Amino acid sequence: MEWLTVLRDKFKVLFRREQFDRELEEEMQFHQEMQAEEHRETGMSAEEAHSAARRAFGNTTLLREAGWRSWGWGPLERMFQDLRLTVRSLRRSPSFTLSVVLLLALAIWMNTTVFSVIHSVMFAPLPNDPSEELVRIGRSYAKTPGFLGGLTAPDFADLRAGSRSFEDMATVVNTRYQVSGDGELQFAYGACVTDGYFRVLRQRPALGRVFLPGEYRPIGKSPLAVIDSDAVAIISHRLWQKQFGGSRDVVGRKLRFAGSSAEVMIVGVMPAAFTYDGVSLKPPDIWLPFAVPRDWRPTMNIFEVLARRRPGTSNQQAQAELDLFASRSQAERPDVMGGYALRTVPMREAVLGKDYRLTLFYLAGAVGLVLLIACANVANLMLARGASRVREMATRASLGGSRLRLVGQLAAESAMLSLAAGALGFVLSLASMRFVVAMAPPGLPRLSEVSVNSPVFWFCLLLALAAGLVCAAVPAWQVSRLNIGVVLKEGGTVSSGPRTARLSRALVALEVAVSLMLLA
């Protein structure tokens with residue numbers, strides 16, 4: 001394990017730099033003394049011997065730096081030197097530093113906040129479907145292929161009995177009630193669900209149990225008639241807290257419905273994390289069991305169907321089975337299924353919908369343009385600041401600093417400014433997320449899942465670094481075209497050049513153009 005020994009020695013040198021320099025200085029002093037002693041033995045005086053030994057030994061400062069570089073820590077030391085110089089430089093220009101950080105922070109805040117919404121709504125797995133096997137099934141009309149309507153009772157019953165691509169499916173009928181428990185009367189969204197609903201969603205109550213087979217009863221010709229003295233219900237965590245104060249003995253207690261003398265017994269409470277099933281109009285607070293009669297009127301297309309594909313079955317395979325079933329159903333019931341097709345859509349796609357997807361992408365593009373405006377503004381500020389620092393850069397270059405090292409110094413300044421702006425933008429996103437969610441369109445799905453999480457943090461970090469890289473391009477361009485001789489001899493400045501003036505005007509034109517696009 002020789003490499004471990006070498007690595008240990010490297011880190012030992014890194015954290016004991018002063019000791020390393022002192023020991024190296026002592027070793028070089030020892031060798032100089034030995035060389036001087038040899039010169040004195042040839043007849044030189046003590047002073048001549050020491051001078052000859054120093055000349056023969058060479059520049060001790062360069063030797064110390066070479067010794068330090070031999071341990072592989074030279075680039076790290078240069079980086080720390082650049083950072084220290086950056087901090088001193090930015091402290092001397094507080095107004096410039098504050099302006100750049102605030103400009104970038106506001107743009108990064110907007111982009112981070114919008115990304116957090118897009119990530120949670122569009123890309124994050126559904127909380128009850130990390131496997132992406134949960135789908136929605138519906139009827140699509142040829143003239144409006146994007147619309148996904150409900151299934152008729154016969155279609156749902158036949159499909160559920162004969163399907164081979166789906167391991168289970170259930171249907172949901174949305175309702176709305178006025179209910180009370182121990183609290184005041186309140187409106188609550190309800191979902192009348194068939195057997196298999198909780199199996200499809202792979203959810204179980206946090207308290208109590210799911211519905212038993214005998215509790216799914218076909219009642220009348222309307223699912224709204226499921227409330228009677230023998231009915232049972234499962235309630236949401238929110239309703240449990242609001243009506244029963246989070247009491248652990250809620251199972252077995254009664255829930256009263258306005259307009260009905262019957263009281264429904266509570267048999268379960270869903271977990272707080274379960275808020276939306278993907279097909280209900282609103283996150284339900286009450287679930288009631290019912291069964292779909294096979295002879296229900298075919299024209300009542302009110303059944304929203306959710307299903308779970310069998311493991312290993314692709315969406316294309318499931319769609320092929322639905323196409324076959326739809327053609328058979330059209331032949332049997334042309335008055336109901338004529339002109340319709342059956343479609344299976346992944347639940348995440350069905351939940352979001354095409355309109356919201358386009359809206360979110362437009363919003364992302366808008367805030368991206370805001371970031372572009374901020375970067376152009378910062379680049380113009382850096383262009384003006386670079387003109388005042390051109391003599392400083394020329395002096396450093398004349399003292400031996402390479403153009404690459406000067407560009408690295410400017411990149412370090414941009415990176416520090418953008419990272420500070422990114423940190424501020426991330427904090428603003430954390431602080432404003434609740435307000436942003438409250439101001440979002442009320443129909444936007446999965447709003448309750450929007451949060452600032454680790455993917456949002458990494459997005460913010462990458463966005464800040466990208467903004468810093470874009471802003472560093474302008475001062476790097478200035479340094480790459482720096483004429484050291486002219487600057488030191490005549491005191492010329494970059495800002496007096498026509499190229500710099502054209503670049504500045506181009507940046508202003510870009511800001512105005514993008515701003516007009518956003519206003520339009």
# chains A, B, ... in the order shown; residues from 1 in each chain; ligands from 1
call {"tool": "residues_around", "arguments": {"residues": "A:Phe187", "least_positions_apart": "6", "cutoff": "7 Å", "atoms": "only C-alpha atoms", "output": "number ranges by chain"}}
result
A: 177-179
call {"tool": "write_last_selection", "arguments": {"atoms": "N, CA and C atoms", "output": "PDB file, in the first residue's frame"}}
result
ATOM      1  N   TYR A 177     -69.453  16.943  -0.275  1.00  0.00           N
ATOM      2  CA  TYR A 177     -70.375  16.851   0.841  1.00  0.00           C
ATOM      3  C   TYR A 177     -70.139  17.999   1.815  1.00  0.00           C
ATOM      4  N   GLN A 178     -71.119  18.173   2.696  1.00  0.00           N
ATOM      5  CA  GLN A 178     -70.940  18.972   3.898  1.00  0.00           C
ATOM      6  C   GLN A 178     -70.956  17.991   5.071  1.00  0.00           C
ATOM      7  N   VAL A 179     -69.875  17.966   5.819  1.00  0.00           N
ATOM      8  CA  VAL A 179     -69.737  16.960   6.876  1.00  0.00           C
ATOM      9  C   VAL A 179     -69.347  17.635   8.187  1.00  0.00           C
TER      10      VAL A 179
END
call {"tool": "residues_around", "arguments": {"residues": "stretch 198-200 of chain A", "least_positions_apart": "3", "cutoff": "8 Å", "atoms": "only C-alpha atoms", "output": "PyMOL selection string"}}
result
chain A and resi 134+168-170+195+203-204+210+306-308
call {"tool": "closest_residue", "arguments": {"among": "A:Leu417, A:Phe435, A:Phe123, A:Ala513", "to": "A:Arg91", "atoms": "only C-alpha atoms"}}
result
A:Leu417
call {"tool": "select_by_dssp", "arguments": {"residues": "stretch 241-467 of chain A", "states": "strand (DSSP E)", "output": "number ranges by chain"}}
result
A: 254-257, 263-269, 286-289, 304-309, 340-346
call {"tool": "residues_around", "arguments": {"residues": "A:Thr194", "least_positions_apart": "6", "cutoff": "12 Å", "atoms": "only C-alpha atoms", "output": "short mmCIF file (atom, residue, chain, number, x, y, z; two decimals) with N, CA and C atoms, in the first residue's frame"}}
result
data_model
loop_
_atom_site.label_atom_id
_atom_site.label_comp_id
_atom_site.auth_asym_id
_atom_site.auth_seq_id
_atom_site.Cartn_x
_atom_site.Cartn_y
_atom_site.Cartn_z
N ALA A 153 -70.19 1.89 -17.56
CA ALA A 153 -70.20 0.78 -16.62
C ALA A 153 -69.92 -0.56 -17.30
N PHE A 156 -66.16 -0.74 -18.23
CA PHE A 156 -65.30 -0.91 -17.06
C PHE A 156 -65.37 -2.35 -16.54
N ALA A 157 -66.59 -2.89 -16.44
CA ALA A 157 -66.75 -4.25 -15.92
C ALA A 157 -66.08 -5.27 -16.84
N ARG A 160 -62.15 -4.86 -16.81
CA ARG A 160 -61.56 -5.35 -15.56
C ARG A 160 -61.55 -6.87 -15.51
N ASP A 168 -54.66 -4.89 -11.77
CA ASP A 168 -55.88 -4.47 -11.07
C ASP A 168 -56.28 -3.09 -11.57
N MET A 169 -57.55 -2.76 -11.42
CA MET A 169 -58.02 -1.42 -11.78
C MET A 169 -59.21 -1.07 -10.90
N ALA A 170 -59.48 0.20 -10.81
CA ALA A 170 -60.58 0.70 -9.98
C ALA A 170 -61.13 1.95 -10.62
N THR A 171 -62.31 2.32 -10.19
CA THR A 171 -62.92 3.54 -10.71
C THR A 171 -63.29 4.47 -9.56
N VAL A 172 -63.35 5.74 -9.88
CA VAL A 172 -63.60 6.79 -8.89
C VAL A 172 -64.71 7.69 -9.41
N VAL A 173 -65.66 8.01 -8.55
CA VAL A 173 -66.69 9.00 -8.85
C VAL A 173 -66.53 10.14 -7.86
N VAL A 200 -54.54 -0.67 -6.08
CA VAL A 200 -53.92 -0.04 -7.25
C VAL A 200 -52.93 1.04 -6.81
N VAL A 210 -58.78 -0.91 5.47
CA VAL A 210 -59.43 -0.59 4.19
C VAL A 210 -60.84 -1.18 4.21
N PHE A 211 -61.58 -0.95 3.14
CA PHE A 211 -62.94 -1.46 3.06
C PHE A 211 -62.93 -2.98 2.89
N LEU A 212 -63.91 -3.64 3.47
CA LEU A 212 -64.08 -5.08 3.33
C LEU A 212 -64.92 -5.38 2.09
N PRO A 213 -64.80 -6.59 1.52
CA PRO A 213 -65.55 -6.90 0.28
C PRO A 213 -67.04 -6.68 0.41
N GLY A 214 -67.64 -7.00 1.56
CA GLY A 214 -69.07 -6.84 1.69
C GLY A 214 -69.54 -5.42 1.81
N GLU A 215 -68.62 -4.48 1.93
CA GLU A 215 -68.99 -3.06 2.09
C GLU A 215 -69.10 -2.35 0.75
N TYR A 216 -68.69 -3.00 -0.35
CA TYR A 216 -68.86 -2.43 -1.69
C TYR A 216 -70.21 -2.90 -2.21
N ARG A 217 -71.21 -2.03 -2.14
CA ARG A 217 -72.57 -2.42 -2.51
C ARG A 217 -73.10 -1.55 -3.63
N PRO A 218 -73.69 -2.16 -4.66
CA PRO A 218 -74.36 -1.35 -5.70
C PRO A 218 -75.64 -0.76 -5.14
N PRO A 223 -74.06 6.95 -7.71
CA PRO A 223 -73.09 6.73 -6.64
C PRO A 223 -73.27 7.68 -5.47
N VAL A 226 -74.78 6.39 -1.78
CA VAL A 226 -74.08 5.39 -0.98
C VAL A 226 -74.20 5.66 0.52
N TRP A 287 -63.42 8.90 1.60
CA TRP A 287 -63.55 7.82 0.63
C TRP A 287 -64.71 6.91 1.06
N LEU A 288 -65.62 6.65 0.13
CA LEU A 288 -66.78 5.80 0.39
C LEU A 288 -66.77 4.64 -0.59
N PRO A 289 -67.14 3.42 -0.15
CA PRO A 289 -67.11 2.27 -1.05
C PRO A 289 -68.40 2.12 -1.84
N PHE A 290 -68.30 1.73 -3.11
CA PHE A 290 -69.48 1.38 -3.89
C PHE A 290 -69.07 0.43 -5.01
N ALA A 291 -70.00 -0.29 -5.52
CA ALA A 291 -69.77 -1.22 -6.62
C ALA A 291 -70.50 -0.72 -7.85
N VAL A 292 -69.93 -0.99 -9.02
CA VAL A 292 -70.53 -0.55 -10.29
C VAL A 292 -71.48 -1.63 -10.79
N PRO A 293 -72.76 -1.37 -10.88
CA PRO A 293 -73.68 -2.36 -11.43
C PRO A 293 -73.40 -2.57 -12.92
N PHE A 303 -67.17 7.39 -15.10
CA PHE A 303 -66.24 6.57 -14.34
C PHE A 303 -64.79 6.90 -14.73
N GLU A 304 -64.09 7.54 -13.80
CA GLU A 304 -62.66 7.78 -13.98
C GLU A 304 -61.93 6.52 -13.54
N VAL A 305 -61.11 5.96 -14.42
CA VAL A 305 -60.50 4.66 -14.16
C VAL A 305 -59.00 4.81 -13.97
N LEU A 306 -58.50 4.24 -12.90
CA LEU A 306 -57.07 4.14 -12.71
C LEU A 306 -56.71 2.67 -12.60
N ALA A 307 -55.53 2.30 -13.10
CA ALA A 307 -55.12 0.91 -13.15
C ALA A 307 -53.62 0.82 -12.93
#
call {"tool": "closest_residue", "arguments": {"among": "A:Pro94, A:Gly252, A:Gly368, A:Pro475", "to": "A:Gln409", "atoms": "only C-alpha atoms"}}
result
A:Pro475
call {"tool": "atom_distance", "arguments": {"atom1": "atom CA of A:Leu383", "atom2": "atom CA of A:Arg92"}}
result
17.2 Å
call {"tool": "residues_around", "arguments": {"residues": "A:Arg164", "least_positions_apart": "2", "cutoff": "9 Å", "atoms": "only C-alpha atoms", "output": "PyMOL selection string"}}
result
chain A and resi 161-162+166-167+310+318+321
call {"tool": "closest_residue", "arguments": {"among": "A:Leu363, A:Leu207, A:Val514, A:Cys460", "to": "A:Val114", "atoms": "only C-alpha atoms"}}
result
A:Leu363
call {"tool": "closest_residue", "arguments": {"among": "A:Tyr340, A:Trp458, A:Tyr189, A:Phe426", "to": "A:Asp323", "atoms": "only C-alpha atoms"}}
result
A:Tyr340
call {"tool": "residues_around", "arguments": {"residues": "A:Glu37", "least_positions_apart": "5", "cutoff": "10 Å", "atoms": "only C-alpha atoms", "output": "list in words"}}
result
His31, Gln32, Thr42, Met44, Ala46, Ala49, His50 and Ala53 of chain A
call {"tool": "write_last_selection", "arguments": {"atoms": "C-alpha atoms", "output": "PDB file, in the first residue's frame"}}
result
ATOM      1  CA  HIS A  31      24.127  22.463   2.634  1.00  0.00           C
ATOM      2  CA  GLN A  32      25.257  26.089   2.214  1.00  0.00           C
ATOM      3  CA  THR A  42      40.737  26.269  -0.392  1.00  0.00           C
ATOM      4  CA  MET A  44      38.891  31.816   0.758  1.00  0.00           C
ATOM      5  CA  ALA A  46      34.689  33.453   5.440  1.00  0.00           C
ATOM      6  CA  ALA A  49      33.188  31.425   1.021  1.00  0.00           C
ATOM      7  CA  HIS A  50      29.590  32.181   2.059  1.00  0.00           C
ATOM      8  CA  ALA A  53      28.210  28.956  -1.550  1.00  0.00           C
TER       9      ALA A  53
END
call {"tool": "select_by_dssp", "arguments": {"residues": "stretch 229-274 of chain A", "states": "helix (DSSP H, G or I)", "output": "CSV table (one decimal) with all heavy atoms, in the first residue's frame"}}
result
chain,number,residue,atom,x,y,z
A,237,HIS,N,-56.1,12.6,6.5
A,237,HIS,CA,-55.4,13.1,7.6
A,237,HIS,C,-55.8,14.5,8.0
A,237,HIS,O,-55.9,14.8,9.2
A,237,HIS,CB,-53.8,13.0,7.4
A,237,HIS,CG,-53.0,13.4,8.5
A,237,HIS,ND1,-52.7,14.7,8.8
A,237,HIS,CD2,-52.4,12.7,9.5
A,237,HIS,CE1,-51.9,14.8,9.9
A,237,HIS,NE2,-51.8,13.6,10.4
A,238,ARG,N,-56.0,15.3,6.9
A,238,ARG,CA,-56.4,16.7,7.2
A,238,ARG,C,-57.8,16.8,7.9
A,238,ARG,O,-58.0,17.5,8.8
A,238,ARG,CB,-56.5,17.4,5.8
A,238,ARG,CG,-56.7,18.9,5.9
A,238,ARG,CD,-56.8,19.6,4.6
A,238,ARG,NE,-58.0,19.2,3.9
A,238,ARG,CZ,-59.2,19.9,4.1
A,238,ARG,NH1,-59.2,20.9,4.9
A,238,ARG,NH2,-60.3,19.5,3.5
A,239,LEU,N,-58.8,16.0,7.4
A,239,LEU,CA,-60.1,16.0,8.0
A,239,LEU,C,-60.0,15.4,9.4
A,239,LEU,O,-60.8,15.9,10.3
A,239,LEU,CB,-61.1,15.2,7.1
A,239,LEU,CG,-62.5,15.3,7.5
A,239,LEU,CD1,-63.0,16.7,7.3
A,239,LEU,CD2,-63.4,14.3,6.7
A,240,TRP,N,-59.2,14.4,9.6
A,240,TRP,CA,-59.0,13.8,10.9
A,240,TRP,C,-58.5,14.9,11.9
A,240,TRP,O,-59.0,15.0,13.1
A,240,TRP,CB,-58.1,12.7,10.9
A,240,TRP,CG,-57.6,12.1,12.2
A,240,TRP,CD1,-58.5,11.7,13.2
A,240,TRP,CD2,-56.3,11.7,12.6
A,240,TRP,NE1,-57.7,11.2,14.2
A,240,TRP,CE2,-56.4,11.2,13.9
A,240,TRP,CE3,-55.1,11.9,12.0
A,240,TRP,CZ2,-55.3,10.7,14.6
A,240,TRP,CZ3,-53.9,11.4,12.7
A,240,TRP,CH2,-54.1,10.9,13.9
A,241,GLN,N,-57.6,15.7,11.5
A,241,GLN,CA,-57.0,16.7,12.4
A,241,GLN,C,-58.1,17.8,12.6
A,241,GLN,O,-58.2,18.3,13.8
A,241,GLN,CB,-55.8,17.3,11.8
A,241,GLN,CG,-54.6,16.4,11.7
A,241,GLN,CD,-54.0,16.1,13.1
A,241,GLN,OE1,-54.1,16.9,14.0
A,241,GLN,NE2,-53.5,14.9,13.2
A,242,LYS,N,-58.8,18.2,11.6
A,242,LYS,CA,-59.7,19.4,11.7
A,242,LYS,C,-61.0,19.0,12.4
A,242,LYS,O,-61.5,19.8,13.2
A,242,LYS,CB,-60.0,19.9,10.3
A,242,LYS,CG,-60.7,21.2,10.3
A,242,LYS,CD,-60.7,21.8,8.9
A,242,LYS,CE,-61.3,23.2,9.0
A,242,LYS,NZ,-61.3,23.9,7.6
A,243,GLN,N,-61.6,17.8,12.2
A,243,GLN,CA,-62.9,17.5,12.8
A,243,GLN,C,-62.7,16.7,14.1
A,243,GLN,O,-63.6,16.7,14.9
A,243,GLN,CB,-63.7,16.6,11.8
A,243,GLN,CG,-64.3,17.4,10.7
A,243,GLN,CD,-65.4,18.4,11.1
A,243,GLN,OE1,-66.0,18.2,12.1
A,243,GLN,NE2,-65.5,19.5,10.4
A,244,PHE,N,-61.6,16.0,14.3
A,244,PHE,CA,-61.5,15.1,15.5
A,244,PHE,C,-60.2,15.4,16.3
A,244,PHE,O,-59.9,14.7,17.2
A,244,PHE,CB,-61.5,13.6,15.0
A,244,PHE,CG,-62.7,13.2,14.4
A,244,PHE,CD1,-62.8,13.2,13.0
A,244,PHE,CD2,-63.9,12.9,15.1
A,244,PHE,CE1,-64.0,12.8,12.3
A,244,PHE,CE2,-65.0,12.5,14.4
A,244,PHE,CZ,-65.1,12.4,13.1
call {"tool": "atom_distance", "arguments": {"atom1": "atom CA of A:Val117", "atom2": "atom CA of A:Ser451"}}
result
7.5 Å
call {"tool": "closest_residue", "arguments": {"among": "A:Val450, A:Met433, A:Ala374, A:Ala107", "to": "A:Val512", "atoms": "only C-alpha atoms"}}
result
A:Ala374
call {"tool": "residues_around", "arguments": {"residues": "A:Ala56", "least_positions_apart": "2", "cutoff": "12 Å", "atoms": "only C-alpha atoms", "output": "PyMOL selection string"}}
result
chain A and resi 28+31-36+39+49-54+58-60
call {"tool": "closest_residue", "arguments": {"among": "A:Val269, A:Val456, A:Val470, A:Leu507", "to": "A:Ala124", "atoms": "only C-alpha atoms"}}
result
A:Val456
call {"tool": "atom_distance", "arguments": {"atom1": "atom CA of A:Ser504", "atom2": "atom CA of A:Met382"}}
result
10.2 Å
call {"tool": "decode", "arguments": {"residues": "stretch 189-200 of chain A", "atoms": "all heavy atoms", "output": "compact mmCIF listing (two decimals), in the first residue's frame"}}
result
# COMPACT_ATOMS: atom_id res chain seq x y z
N TYR A 189 -64.36 17.33 -0.15
CA TYR A 189 -64.42 16.57 -1.40
C TYR A 189 -64.37 15.09 -1.07
O TYR A 189 -63.59 14.65 -0.21
CB TYR A 189 -63.27 16.95 -2.32
CG TYR A 189 -63.46 18.29 -2.97
CD1 TYR A 189 -62.90 19.44 -2.41
CD2 TYR A 189 -64.23 18.41 -4.13
CE1 TYR A 189 -63.09 20.67 -3.01
CE2 TYR A 189 -64.42 19.65 -4.72
CZ TYR A 189 -63.86 20.78 -4.16
OH TYR A 189 -64.05 22.00 -4.73
N GLY A 190 -65.20 14.32 -1.76
CA GLY A 190 -65.26 12.90 -1.53
C GLY A 190 -65.00 12.12 -2.80
O GLY A 190 -65.07 12.64 -3.91
N ALA A 191 -64.67 10.85 -2.62
CA ALA A 191 -64.44 9.95 -3.74
C ALA A 191 -65.13 8.63 -3.44
O ALA A 191 -64.80 7.97 -2.45
CB ALA A 191 -62.94 9.73 -3.96
N CYS A 192 -66.11 8.28 -4.25
CA CYS A 192 -66.72 6.96 -4.17
C CYS A 192 -65.85 6.01 -4.99
O CYS A 192 -65.63 6.24 -6.18
CB CYS A 192 -68.13 6.98 -4.72
SG CYS A 192 -69.26 8.01 -3.77
N VAL A 193 -65.32 4.98 -4.36
CA VAL A 193 -64.30 4.14 -5.00
C VAL A 193 -64.76 2.68 -4.98
O VAL A 193 -65.48 2.23 -4.09
CB VAL A 193 -62.95 4.28 -4.28
CG1 VAL A 193 -62.47 5.72 -4.35
CG2 VAL A 193 -63.03 3.82 -2.83
N THR A 194 -64.31 1.96 -6.00
CA THR A 194 -64.62 0.54 -6.09
C THR A 194 -63.52 -0.29 -5.45
O THR A 194 -62.44 0.21 -5.11
CB THR A 194 -64.78 0.13 -7.56
OG1 THR A 194 -63.57 0.44 -8.26
CG2 THR A 194 -65.93 0.88 -8.21
N ASP A 195 -63.81 -1.58 -5.33
CA ASP A 195 -62.84 -2.51 -4.80
C ASP A 195 -61.58 -2.49 -5.67
O ASP A 195 -61.66 -2.50 -6.89
CB ASP A 195 -63.45 -3.92 -4.78
CG ASP A 195 -62.50 -4.93 -4.17
OD1 ASP A 195 -61.64 -4.53 -3.38
OD2 ASP A 195 -62.63 -6.12 -4.51
N GLY A 196 -60.42 -2.47 -5.05
CA GLY A 196 -59.16 -2.42 -5.78
C GLY A 196 -58.51 -1.05 -5.77
O GLY A 196 -57.35 -0.91 -6.16
N TYR A 197 -59.24 -0.02 -5.32
CA TYR A 197 -58.71 1.34 -5.33
C TYR A 197 -57.42 1.44 -4.53
O TYR A 197 -56.40 1.95 -5.02
CB TYR A 197 -59.78 2.28 -4.78
CG TYR A 197 -59.36 3.73 -4.62
CD1 TYR A 197 -59.42 4.61 -5.69
CD2 TYR A 197 -58.91 4.21 -3.39
CE1 TYR A 197 -59.05 5.94 -5.55
CE2 TYR A 197 -58.54 5.52 -3.23
CZ TYR A 197 -58.61 6.39 -4.31
OH TYR A 197 -58.23 7.71 -4.15
N PHE A 198 -57.43 0.97 -3.31
CA PHE A 198 -56.24 1.09 -2.46
C PHE A 198 -55.14 0.11 -2.87
O PHE A 198 -53.97 0.38 -2.65
CB PHE A 198 -56.63 0.90 -0.99
CG PHE A 198 -57.55 1.96 -0.47
CD1 PHE A 198 -58.90 1.71 -0.29
CD2 PHE A 198 -57.07 3.23 -0.20
CE1 PHE A 198 -59.76 2.70 0.17
CE2 PHE A 198 -57.91 4.24 0.26
CZ PHE A 198 -59.26 3.97 0.44
N ARG A 199 -55.52 -1.01 -3.50
CA ARG A 199 -54.50 -1.92 -4.01
C ARG A 199 -53.78 -1.32 -5.20
O ARG A 199 -52.55 -1.45 -5.34
CB ARG A 199 -55.13 -3.26 -4.41
CG ARG A 199 -55.62 -4.10 -3.25
CD ARG A 199 -55.88 -5.54 -3.71
NE ARG A 199 -56.81 -5.62 -4.82
CZ ARG A 199 -58.13 -5.68 -4.69
NH1 ARG A 199 -58.68 -5.68 -3.47
NH2 ARG A 199 -58.91 -5.77 -5.74
N VAL A 200 -54.54 -0.67 -6.08
CA VAL A 200 -53.92 -0.04 -7.25
C VAL A 200 -52.93 1.04 -6.81
O VAL A 200 -51.83 1.16 -7.34
CB VAL A 200 -54.99 0.55 -8.18
CG1 VAL A 200 -54.37 1.44 -9.25
CG2 VAL A 200 -55.79 -0.56 -8.84
